[in-house]
>>> print(open('work.pdb').read())   # PDB, C-alpha atoms, pLDDT in the B column
ATOM      1  CA  ILE H  41      -7.186   1.652  24.893  1.00 86.00           C
ATOM      2  CA  GLU H  42      -4.896  -0.630  22.938  1.00 87.00           C
ATOM      3  CA  MET H  43      -1.810  -2.381  24.237  1.00 84.00           C
ATOM      4  CA  ASP H  44       0.620  -4.445  22.195  1.00 84.00           C
ATOM      5  CA  ALA H  45       1.641  -7.218  24.564  1.00 77.00           C
ATOM      6  CA  ALA H  46       4.521  -8.211  22.315  1.00 72.00           C
ATOM      7  CA  ALA H  47       6.238  -4.954  23.320  1.00 75.00           C
ATOM      8  CA  ASN H  48       4.618  -4.469  26.754  1.00 70.00           C
ATOM      9  CA  SER H  49       4.476  -7.864  28.412  1.00 68.00           C
ATOM     10  CA  GLY H  50       5.705  -7.167  31.921  1.00 74.00           C
ATOM     11  CA  VAL H  51       4.001  -6.859  35.279  1.00 79.00           C
ATOM     12  CA  ASP H  52       4.473  -3.072  35.321  1.00 78.00           C
ATOM     13  CA  ASP H  53       2.632  -2.742  31.999  1.00 81.00           C
ATOM     14  CA  ILE H  54      -0.309  -4.753  33.337  1.00 82.00           C
ATOM     15  CA  ARG H  55      -0.303  -2.842  36.626  1.00 85.00           C
ATOM     16  CA  GLN H  56      -0.667   0.376  34.608  1.00 85.00           C
ATOM     17  CA  ILE H  57      -3.800  -1.050  32.963  1.00 84.00           C
ATOM     18  CA  ILE H  58      -5.162  -2.216  36.331  1.00 86.00           C
ATOM     19  CA  GLU H  59      -4.651   1.287  37.751  1.00 87.00           C
ATOM     20  CA  ASP H  60      -6.344   2.850  34.735  1.00 88.00           C
ATOM     21  CA  VAL H  61      -9.326   0.460  34.972  1.00 88.00           C
ATOM     22  CA  GLY H  62     -10.152   1.940  38.373  1.00 88.00           C
ATOM     23  CA  ILE H  63     -10.898   5.332  36.818  1.00 89.00           C
ATOM     24  CA  PRO H  64     -14.402   5.408  35.277  1.00 90.00           C
ATOM     25  CA  PRO H  65     -14.821   6.837  31.773  1.00 89.00           C
ATOM     26  CA  MET H  66     -15.723  10.522  31.636  1.00 88.00           C
ATOM     27  CA  ASP H  67     -17.652  10.827  28.380  1.00 88.00           C
ATOM     28  CA  ASP H  68     -18.366   7.257  27.348  1.00 89.00           C
ATOM     29  CA  LYS H  69     -20.351   4.368  28.766  1.00 93.00           C
ATOM     30  CA  TYR H  70     -17.466   1.880  28.531  1.00 93.00           C
ATOM     31  CA  LYS H  71     -13.714   1.688  28.646  1.00 92.00           C
ATOM     32  CA  VAL H  72     -12.527  -0.932  26.178  1.00 93.00           C
ATOM     33  CA  TYR H  73      -9.074  -2.435  26.564  1.00 90.00           C
ATOM     34  CA  ILE H  74      -7.668  -4.330  23.599  1.00 91.00           C
ATOM     35  CA  ILE H  75      -4.593  -6.373  24.445  1.00 87.00           C
ATOM     36  CA  ASP H  76      -3.071  -7.637  21.204  1.00 89.00           C
ATOM     37  CA  GLU H  77      -0.692 -10.594  21.165  1.00 88.00           C
ATOM     38  CA  VAL H  78      -1.864 -11.369  24.699  1.00 87.00           C
ATOM     39  CA  HIS H  79      -0.015 -14.695  24.647  1.00 88.00           C
ATOM     40  CA  GLU H  80       3.222 -12.679  25.025  1.00 84.00           C
ATOM     41  CA  ILE H  81       2.336 -11.537  28.552  1.00 84.00           C
ATOM     42  CA  SER H  82       4.543 -13.027  31.262  1.00 80.00           C
ATOM     43  CA  GLY H  83       3.178 -15.449  33.839  1.00 82.00           C
ATOM     44  CA  LYS H  84       3.482 -12.895  36.623  1.00 83.00           C
ATOM     45  CA  ALA H  85       1.696 -10.304  34.511  1.00 82.00           C
ATOM     46  CA  PHE H  86      -1.154 -12.764  33.866  1.00 85.00           C
ATOM     47  CA  ASN H  87      -1.442 -13.317  37.612  1.00 84.00           C
ATOM     48  CA  ALA H  88      -1.625  -9.559  38.153  1.00 83.00           C
ATOM     49  CA  LEU H  89      -4.389  -9.271  35.520  1.00 84.00           C
ATOM     50  CA  LEU H  90      -6.401 -12.223  36.824  1.00 86.00           C
ATOM     51  CA  LYS H  91      -8.182 -10.387  39.667  1.00 84.00           C
ATOM     52  CA  THR H  92      -9.283  -7.593  37.318  1.00 86.00           C
ATOM     53  CA  LEU H  93     -10.610 -10.117  34.803  1.00 86.00           C
ATOM     54  CA  GLU H  94     -12.489 -11.962  37.563  1.00 86.00           C
ATOM     55  CA  GLU H  95     -14.242  -8.843  38.826  1.00 86.00           C
ATOM     56  CA  PRO H  96     -14.005  -6.044  36.268  1.00 87.00           C
ATOM     57  CA  PRO H  97     -15.855  -2.779  36.831  1.00 90.00           C
ATOM     58  CA  GLU H  98     -19.174  -2.708  34.977  1.00 92.00           C
ATOM     59  CA  TYR H  99     -17.796  -0.148  32.506  1.00 93.00           C
ATOM     60  CA  ALA H 100     -14.651  -2.133  31.601  1.00 92.00           C
ATOM     61  CA  ILE H 101     -14.464  -4.474  28.626  1.00 92.00           C
ATOM     62  CA  PHE H 102     -11.339  -6.461  27.873  1.00 91.00           C
ATOM     63  CA  ILE H 103     -10.602  -7.857  24.437  1.00 92.00           C
ATOM     64  CA  LEU H 104      -7.701 -10.269  24.465  1.00 90.00           C
ATOM     65  CA  ALA H 105      -6.461 -10.980  20.944  1.00 91.00           C
ATOM     66  CA  THR H 106      -4.093 -13.828  20.129  1.00 88.00           C
ATOM     67  CA  THR H 107      -3.111 -16.225  17.388  1.00 84.00           C
ATOM     68  CA  GLU H 108      -1.851 -18.708  19.976  1.00 86.00           C
ATOM     69  CA  VAL H 109      -4.768 -19.391  22.294  1.00 88.00           C
ATOM     70  CA  GLN H 110      -3.064 -22.563  23.547  1.00 89.00           C
ATOM     71  CA  ALA H 111      -0.372 -20.365  25.122  1.00 86.00           C
ATOM     72  CA  LEU H 112      -2.851 -18.665  27.453  1.00 87.00           C
ATOM     73  CA  PRO H 113      -3.168 -19.927  31.021  1.00 87.00           C
ATOM     74  CA  ILE H 114      -6.380 -21.840  31.695  1.00 89.00           C
ATOM     75  CA  THR H 115      -7.115 -19.441  34.554  1.00 86.00           C
ATOM     76  CA  ILE H 116      -7.363 -16.619  31.994  1.00 86.00           C
ATOM     77  CA  LEU H 117      -9.271 -18.641  29.382  1.00 87.00           C
ATOM     78  CA  SER H 118     -11.863 -19.754  31.914  1.00 87.00           C
ATOM     79  CA  ARG H 119     -12.786 -16.128  32.568  1.00 85.00           C
ATOM     80  CA  CYS H 120     -13.279 -15.185  28.911  1.00 87.00           C
ATOM     81  CA  GLN H 121     -15.862 -15.555  26.211  1.00 89.00           C
ATOM     82  CA  ARG H 122     -14.013 -16.984  23.245  1.00 89.00           C
ATOM     83  CA  TYR H 123     -14.594 -15.935  19.651  1.00 90.00           C
ATOM     84  CA  ASP H 124     -12.544 -17.704  17.002  1.00 88.00           C
ATOM     85  CA  PHE H 125     -12.156 -15.811  13.753  1.00 85.00           C
ATOM     86  CA  HIS H 126     -11.624 -17.817  10.622  1.00 88.00           C
ATOM     87  CA  ARG H 127      -9.592 -17.036   7.560  1.00 91.00           C
ATOM     88  CA  ILE H 128     -11.192 -14.778   4.982  1.00 94.00           C
ATOM     89  CA  SER H 129     -12.219 -16.466   1.732  1.00 96.00           C
ATOM     90  CA  ILE H 130     -10.151 -15.955  -1.407  1.00 95.00           C
ATOM     91  CA  GLY H 131     -13.185 -14.441  -3.150  1.00 96.00           C
ATOM     92  CA  THR H 132     -13.736 -11.862  -0.418  1.00 96.00           C
ATOM     93  CA  ILE H 133     -10.067 -10.892  -0.382  1.00 97.00           C
ATOM     94  CA  ALA H 134      -9.916 -10.675  -4.192  1.00 97.00           C
ATOM     95  CA  LYS H 135     -12.996  -8.423  -4.201  1.00 97.00           C
ATOM     96  CA  ARG H 136     -11.416  -6.093  -1.640  1.00 96.00           C
ATOM     97  CA  LEU H 137      -8.171  -6.029  -3.626  1.00 96.00           C
ATOM     98  CA  ARG H 138     -10.220  -5.058  -6.696  1.00 97.00           C
ATOM     99  CA  ASP H 139     -11.788  -2.203  -4.709  1.00 96.00           C
ATOM    100  CA  ILE H 140      -8.328  -1.001  -3.684  1.00 95.00           C
ATOM    101  CA  ILE H 141      -6.967  -1.245  -7.221  1.00 94.00           C
ATOM    102  CA  ASP H 142      -9.948   0.657  -8.637  1.00 94.00           C
ATOM    103  CA  ALA H 143      -9.653   3.373  -5.981  1.00 94.00           C
ATOM    104  CA  GLU H 144      -5.941   3.776  -6.752  1.00 91.00           C
ATOM    105  CA  GLY H 145      -6.539   3.896 -10.506  1.00 92.00           C
ATOM    106  CA  VAL H 146      -4.296   0.898 -11.147  1.00 92.00           C
ATOM    107  CA  SER H 147      -5.101  -1.671 -13.815  1.00 93.00           C
ATOM    108  CA  ALA H 148      -4.905  -5.345 -12.832  1.00 95.00           C
ATOM    109  CA  GLU H 149      -6.034  -8.700 -14.169  1.00 94.00           C
ATOM    110  CA  ASP H 150      -8.575 -10.587 -12.074  1.00 95.00           C
ATOM    111  CA  LYS H 151      -6.306 -13.648 -12.209  1.00 94.00           C
ATOM    112  CA  ALA H 152      -3.465 -11.586 -10.693  1.00 95.00           C
ATOM    113  CA  LEU H 153      -5.660 -10.396  -7.822  1.00 96.00           C
ATOM    114  CA  THR H 154      -6.971 -13.899  -7.210  1.00 95.00           C
ATOM    115  CA  TYR H 155      -3.422 -15.217  -6.961  1.00 95.00           C
ATOM    116  CA  ILE H 156      -2.491 -12.467  -4.492  1.00 96.00           C
ATOM    117  CA  ALA H 157      -5.620 -13.341  -2.467  1.00 96.00           C
ATOM    118  CA  LYS H 158      -4.529 -17.005  -2.381  1.00 93.00           C
ATOM    119  CA  ALA H 159      -1.005 -16.008  -1.346  1.00 93.00           C
ATOM    120  CA  GLY H 160      -2.492 -13.945   1.504  1.00 93.00           C
ATOM    121  CA  ASP H 161      -3.634 -17.252   3.007  1.00 90.00           C
ATOM    122  CA  GLY H 162      -6.833 -15.888   4.529  1.00 92.00           C
ATOM    123  CA  SER H 163      -5.247 -12.704   5.884  1.00 92.00           C
ATOM    124  CA  MET H 164      -6.497  -9.433   4.404  1.00 94.00           C
ATOM    125  CA  ARG H 165      -3.524  -7.546   5.836  1.00 92.00           C
ATOM    126  CA  ASP H 166      -1.038  -9.937   4.229  1.00 93.00           C
ATOM    127  CA  ALA H 167      -2.859  -9.831   0.893  1.00 96.00           C
ATOM    128  CA  VAL H 168      -2.931  -6.023   0.848  1.00 96.00           C
ATOM    129  CA  SER H 169       0.770  -5.971   1.710  1.00 95.00           C
ATOM    130  CA  LEU H 170       1.510  -8.327  -1.195  1.00 95.00           C
ATOM    131  CA  LEU H 171      -0.616  -6.168  -3.486  1.00 96.00           C
ATOM    132  CA  ASP H 172       1.384  -3.101  -2.428  1.00 95.00           C
ATOM    133  CA  GLN H 173       4.629  -4.909  -3.237  1.00 94.00           C
ATOM    134  CA  CYS H 174       3.383  -5.947  -6.666  1.00 94.00           C
ATOM    135  CA  ILE H 175       2.120  -2.451  -7.513  1.00 93.00           C
ATOM    136  CA  ALA H 176       5.397  -0.874  -6.361  1.00 93.00           C
ATOM    137  CA  PHE H 177       7.409  -3.225  -8.540  1.00 91.00           C
ATOM    138  CA  TYR H 178       5.426  -2.323 -11.675  1.00 90.00           C
ATOM    139  CA  ILE H 179       4.467   1.329 -11.138  1.00 88.00           C
ATOM    140  CA  GLY H 180       2.386   2.670 -14.003  1.00 87.00           C
ATOM    141  CA  GLU H 181       1.941  -0.741 -15.633  1.00 90.00           C
ATOM    142  CA  GLU H 182      -0.947  -3.169 -15.647  1.00 93.00           C
ATOM    143  CA  LEU H 183      -0.578  -5.781 -12.945  1.00 93.00           C
ATOM    144  CA  THR H 184      -0.714  -9.132 -14.717  1.00 94.00           C
ATOM    145  CA  TYR H 185      -0.686 -12.664 -13.411  1.00 93.00           C
ATOM    146  CA  ASP H 186       2.837 -13.258 -14.727  1.00 89.00           C
ATOM    147  CA  LYS H 187       4.108 -10.062 -13.076  1.00 93.00           C
ATOM    148  CA  VAL H 188       2.606 -11.134  -9.750  1.00 93.00           C
ATOM    149  CA  LEU H 189       4.311 -14.526 -10.056  1.00 90.00           C
ATOM    150  CA  THR H 190       7.619 -12.762 -10.737  1.00 89.00           C
ATOM    151  CA  VAL H 191       7.325 -10.425  -7.743  1.00 91.00           C
ATOM    152  CA  LEU H 192       6.245 -13.201  -5.389  1.00 89.00           C
ATOM    153  CA  GLY H 193       8.861 -15.624  -6.698  1.00 84.00           C
ATOM    154  CA  ALA H 194       6.188 -18.152  -7.578  1.00 80.00           C
ATOM    155  CA  VAL H 195       5.595 -20.576 -10.416  1.00 76.00           C
ATOM    156  CA  ASP H 196       2.319 -20.966 -12.280  1.00 75.00           C
ATOM    157  CA  THR H 197       0.323 -23.930 -10.980  1.00 77.00           C
ATOM    158  CA  GLU H 198       0.039 -25.205 -14.558  1.00 79.00           C
ATOM    159  CA  VAL H 199       3.772 -25.983 -14.430  1.00 82.00           C
ATOM    160  CA  PHE H 200       3.208 -28.226 -11.403  1.00 83.00           C
ATOM    161  CA  SER H 201       0.304 -29.894 -13.206  1.00 88.00           C
ATOM    162  CA  LYS H 202       2.547 -30.635 -16.206  1.00 89.00           C
ATOM    163  CA  LEU H 203       5.228 -32.034 -13.938  1.00 89.00           C
ATOM    164  CA  LEU H 204       2.734 -34.220 -12.084  1.00 91.00           C
ATOM    165  CA  ARG H 205       1.327 -35.563 -15.359  1.00 93.00           C
ATOM    166  CA  CYS H 206       4.874 -36.460 -16.463  1.00 91.00           C
ATOM    167  CA  VAL H 207       5.601 -38.232 -13.168  1.00 93.00           C
ATOM    168  CA  VAL H 208       2.342 -40.203 -13.285  1.00 94.00           C
ATOM    169  CA  ALA H 209       3.075 -41.206 -16.896  1.00 94.00           C
ATOM    170  CA  HIS H 210       6.690 -42.150 -15.990  1.00 93.00           C
ATOM    171  CA  ASP H 211       7.828 -39.610 -18.613  1.00 91.00           C
ATOM    172  CA  THR H 212      11.337 -38.805 -17.380  1.00 91.00           C
ATOM    173  CA  ARG H 213      12.278 -36.686 -20.415  1.00 93.00           C
ATOM    174  CA  GLY H 214       9.061 -34.681 -20.098  1.00 91.00           C
ATOM    175  CA  ALA H 215       9.652 -34.107 -16.383  1.00 91.00           C
ATOM    176  CA  ILE H 216      13.193 -32.925 -17.021  1.00 91.00           C
ATOM    177  CA  GLY H 217      11.848 -30.638 -19.761  1.00 90.00           C
ATOM    178  CA  VAL H 218       9.402 -29.064 -17.297  1.00 86.00           C
ATOM    179  CA  VAL H 219      12.185 -28.556 -14.735  1.00 88.00           C
ATOM    180  CA  GLU H 220      14.363 -26.942 -17.416  1.00 88.00           C
ATOM    181  CA  GLU H 221      11.453 -24.668 -18.361  1.00 81.00           C
ATOM    182  CA  VAL H 222      11.183 -23.501 -14.765  1.00 77.00           C
TER     183      VAL H 222
END
>>> encode(input="work.pdb", output="structure tokens")
Amino acid sequence: IEMDAAANSGVDDIRQIIEDVGIPPMDDKYKVYIIDEVHEISGKAFNALLKTLEEPPEYAIFILATTEVQALPITILSRCQRYDFHRISIGTIAKRLRDIIDAEGVSAEDKALTYIAKAGDGSMRDAVSLLDQCIAFYIGEELTYDKVLTVLGAVDTEVFSKLLRCVVAHDTRGAIGVVEEV
């Protein structure tokens, strides 16, 4: 049972879960409650949930998902096992993007997919969303690195390298030339 706490953060929403927890599962061994964005729950709602988290029925499992663990009350945190998930590597994301591209029959440069993976900043969902945007912008065409830069409004890192070399060398004309190029 999934609940989005960003949209259902009140005491009444939590009371509904507490009521439901009291009913054992019919066909399964466990009832799993996933509360996403749990940091959005109100203080009163946390207090209402506390007793259930302290003494849950043996068949109830609660998964509290958040990106802002510091926003959770210590009384809640102290009753949880904590698992921190880390960002996904660029290589793993790029590989998955390649799988998606191949499945969709779209042609794309590896460099383009790697850049999208970097732009996803460790989030597979964000990277896939960016890939969708890039594909939609160039339907029926090969997805190249330059096209990805255009869609994402980015500049090739080589441009920044040129600019940095000009600054280090005190080459004002060269730096202005790079800026004009951009």
>>> residues_around(input="work.pdb", residues="Ile75 (chain H)", least_positions_apart="3", cutoff="7 Å", atoms="only C-alpha atoms", output="ChimeraX atom specification")
/H:42-45,78,103-105
>>> closest_atom_pairs(input="work.pdb", of="region 99-209 of chain H", to="region 80-88 of chain H", cutoff="12 Å", atoms="only C-alpha atoms", output="JSON lines")
{"residue": "H:Leu104", "atom": "CA", "partner": "H:Ile81", "partner_atom": "CA", "distance": 10.9}
{"residue": "H:Ala105", "atom": "CA", "partner": "H:Glu80", "partner_atom": "CA", "distance": 10.6}
{"residue": "H:Thr106", "atom": "CA", "partner": "H:Glu80", "partner_atom": "CA", "distance": 8.9}
{"residue": "H:Thr107", "atom": "CA", "partner": "H:Glu80", "partner_atom": "CA", "distance": 10.5}
{"residue": "H:Glu108", "atom": "CA", "partner": "H:Glu80", "partner_atom": "CA", "distance": 9.4}
{"residue": "H:Val109", "atom": "CA", "partner": "H:Glu80", "partner_atom": "CA", "distance": 10.8}
{"residue": "H:Gln110", "atom": "CA", "partner": "H:Glu80", "partner_atom": "CA", "distance": 11.8}
{"residue": "H:Ala111", "atom": "CA", "partner": "H:Glu80", "partner_atom": "CA", "distance": 8.5}
{"residue": "H:Leu112", "atom": "CA", "partner": "H:Glu80", "partner_atom": "CA", "distance": 8.9}
{"residue": "H:Pro113", "atom": "CA", "partner": "H:Phe86", "partner_atom": "CA", "distance": 8.0}
{"residue": "H:Ile114", "atom": "CA", "partner": "H:Phe86", "partner_atom": "CA", "distance": 10.7}
{"residue": "H:Thr115", "atom": "CA", "partner": "H:Asn87", "partner_atom": "CA", "distance": 8.9}
{"residue": "H:Ile116", "atom": "CA", "partner": "H:Phe86", "partner_atom": "CA", "distance": 7.5}
{"residue": "H:Leu117", "atom": "CA", "partner": "H:Phe86", "partner_atom": "CA", "distance": 11.0}
>>> write_last_selection(input="work.pdb", atoms="C-alpha atoms", output="mmCIF file, in the frame of the given file")
data_model
loop_
_atom_site.group_PDB
_atom_site.id
_atom_site.type_symbol
_atom_site.label_atom_id
_atom_site.label_comp_id
_atom_site.auth_asym_id
_atom_site.auth_seq_id
_atom_site.Cartn_x
_atom_site.Cartn_y
_atom_site.Cartn_z
ATOM 1 C CA LEU H 104 -7.701 -10.269 24.465
ATOM 2 C CA ALA H 105 -6.461 -10.980 20.944
ATOM 3 C CA THR H 106 -4.093 -13.828 20.129
ATOM 4 C CA THR H 107 -3.111 -16.225 17.388
ATOM 5 C CA GLU H 108 -1.851 -18.708 19.976
ATOM 6 C CA VAL H 109 -4.768 -19.391 22.294
ATOM 7 C CA GLN H 110 -3.064 -22.563 23.547
ATOM 8 C CA ALA H 111 -0.372 -20.365 25.122
ATOM 9 C CA LEU H 112 -2.851 -18.665 27.453
ATOM 10 C CA PRO H 113 -3.168 -19.927 31.021
ATOM 11 C CA ILE H 114 -6.380 -21.840 31.695
ATOM 12 C CA THR H 115 -7.115 -19.441 34.554
ATOM 13 C CA ILE H 116 -7.363 -16.619 31.994
ATOM 14 C CA LEU H 117 -9.271 -18.641 29.382
#
>>> closest_atom_pairs(input="work.pdb", of="region 157-188 of chain H", to="region 140-146 of chain H", cutoff="9 Å", atoms="all atoms listed in the file", output="JSON lines")
{"residue": "H:Val168", "atom": "CA", "partner": "H:Ile140", "partner_atom": "CA", "distance": 8.7}
{"residue": "H:Leu171", "atom": "CA", "partner": "H:Ile141", "partner_atom": "CA", "distance": 8.9}
{"residue": "H:Ile175", "atom": "CA", "partner": "H:Val146", "partner_atom": "CA", "distance": 8.1}
{"residue": "H:Ile179", "atom": "CA", "partner": "H:Val146", "partner_atom": "CA", "distance": 8.8}
{"residue": "H:Gly180", "atom": "CA", "partner": "H:Val146", "partner_atom": "CA", "distance": 7.5}
{"residue": "H:Glu181", "atom": "CA", "partner": "H:Val146", "partner_atom": "CA", "distance": 7.9}
{"residue": "H:Glu182", "atom": "CA", "partner": "H:Val146", "partner_atom": "CA", "distance": 6.9}
{"residue": "H:Leu183", "atom": "CA", "partner": "H:Val146", "partner_atom": "CA", "distance": 7.9}
>>> atom_distance(input="work.pdb", atom1="CA of Met66 (chain H)", atom2="CA of Glu94 (chain H)")
23.5 Å
>>> atom_distance(input="work.pdb", atom1="CA of Cys120 (chain H)", atom2="CA of Pro64 (chain H)")
21.6 Å
>>> residues_around(input="work.pdb", residues="Cys174 (chain H)", least_positions_apart="4", cutoff="10 Å", atoms="all atoms listed in the file", output="count of residues only")
15
>>> atom_distance(input="work.pdb", atom1="CA of Val51 (chain H)", atom2="CA of Tyr99 (chain H)")
23.0 Å
>>> closest_residue(input="work.pdb", among="H:Ala148, H:Gly217, H:Ala100, H:Ala47", to="Asp68 (chain H)", atoms="all atoms listed in the file")
H:Ala100
>>> residues_around(input="work.pdb", residues="Pro96 (chain H)", least_positions_apart="3", cutoff="12 Å", atoms="only C-alpha atoms", output="PyMOL selection string")
chain H and resi 57-64+70-73+89-93+99-102+119-120
>>> resolve_selection(input="work.pdb", expression="the PyMOL selection byres ((chain H and resi 129) around 10)", output="PyMOL selection string")
chain H and resi 126-128+130-134+157-158+161-164
>>> closest_residue(input="work.pdb", among="H:Thr154, H:Gln173, H:Gly160, H:Leu204", to="Tyr185 (chain H)", atoms="all atoms listed in the file")
H:Thr154
>>> residues_near_point(input="work.pdb", point="(9.1, -35.9, -14.4)", cutoff="12 Å", atoms="only C-alpha atoms", output="PyMOL selection string")
chain H and resi 199-220
>>> closest_residue(input="work.pdb", among="H:Glu221, H:Asn48, H:Pro97, H:Tyr155", to="His79 (chain H)", atoms="only C-alpha atoms")
H:Asn48
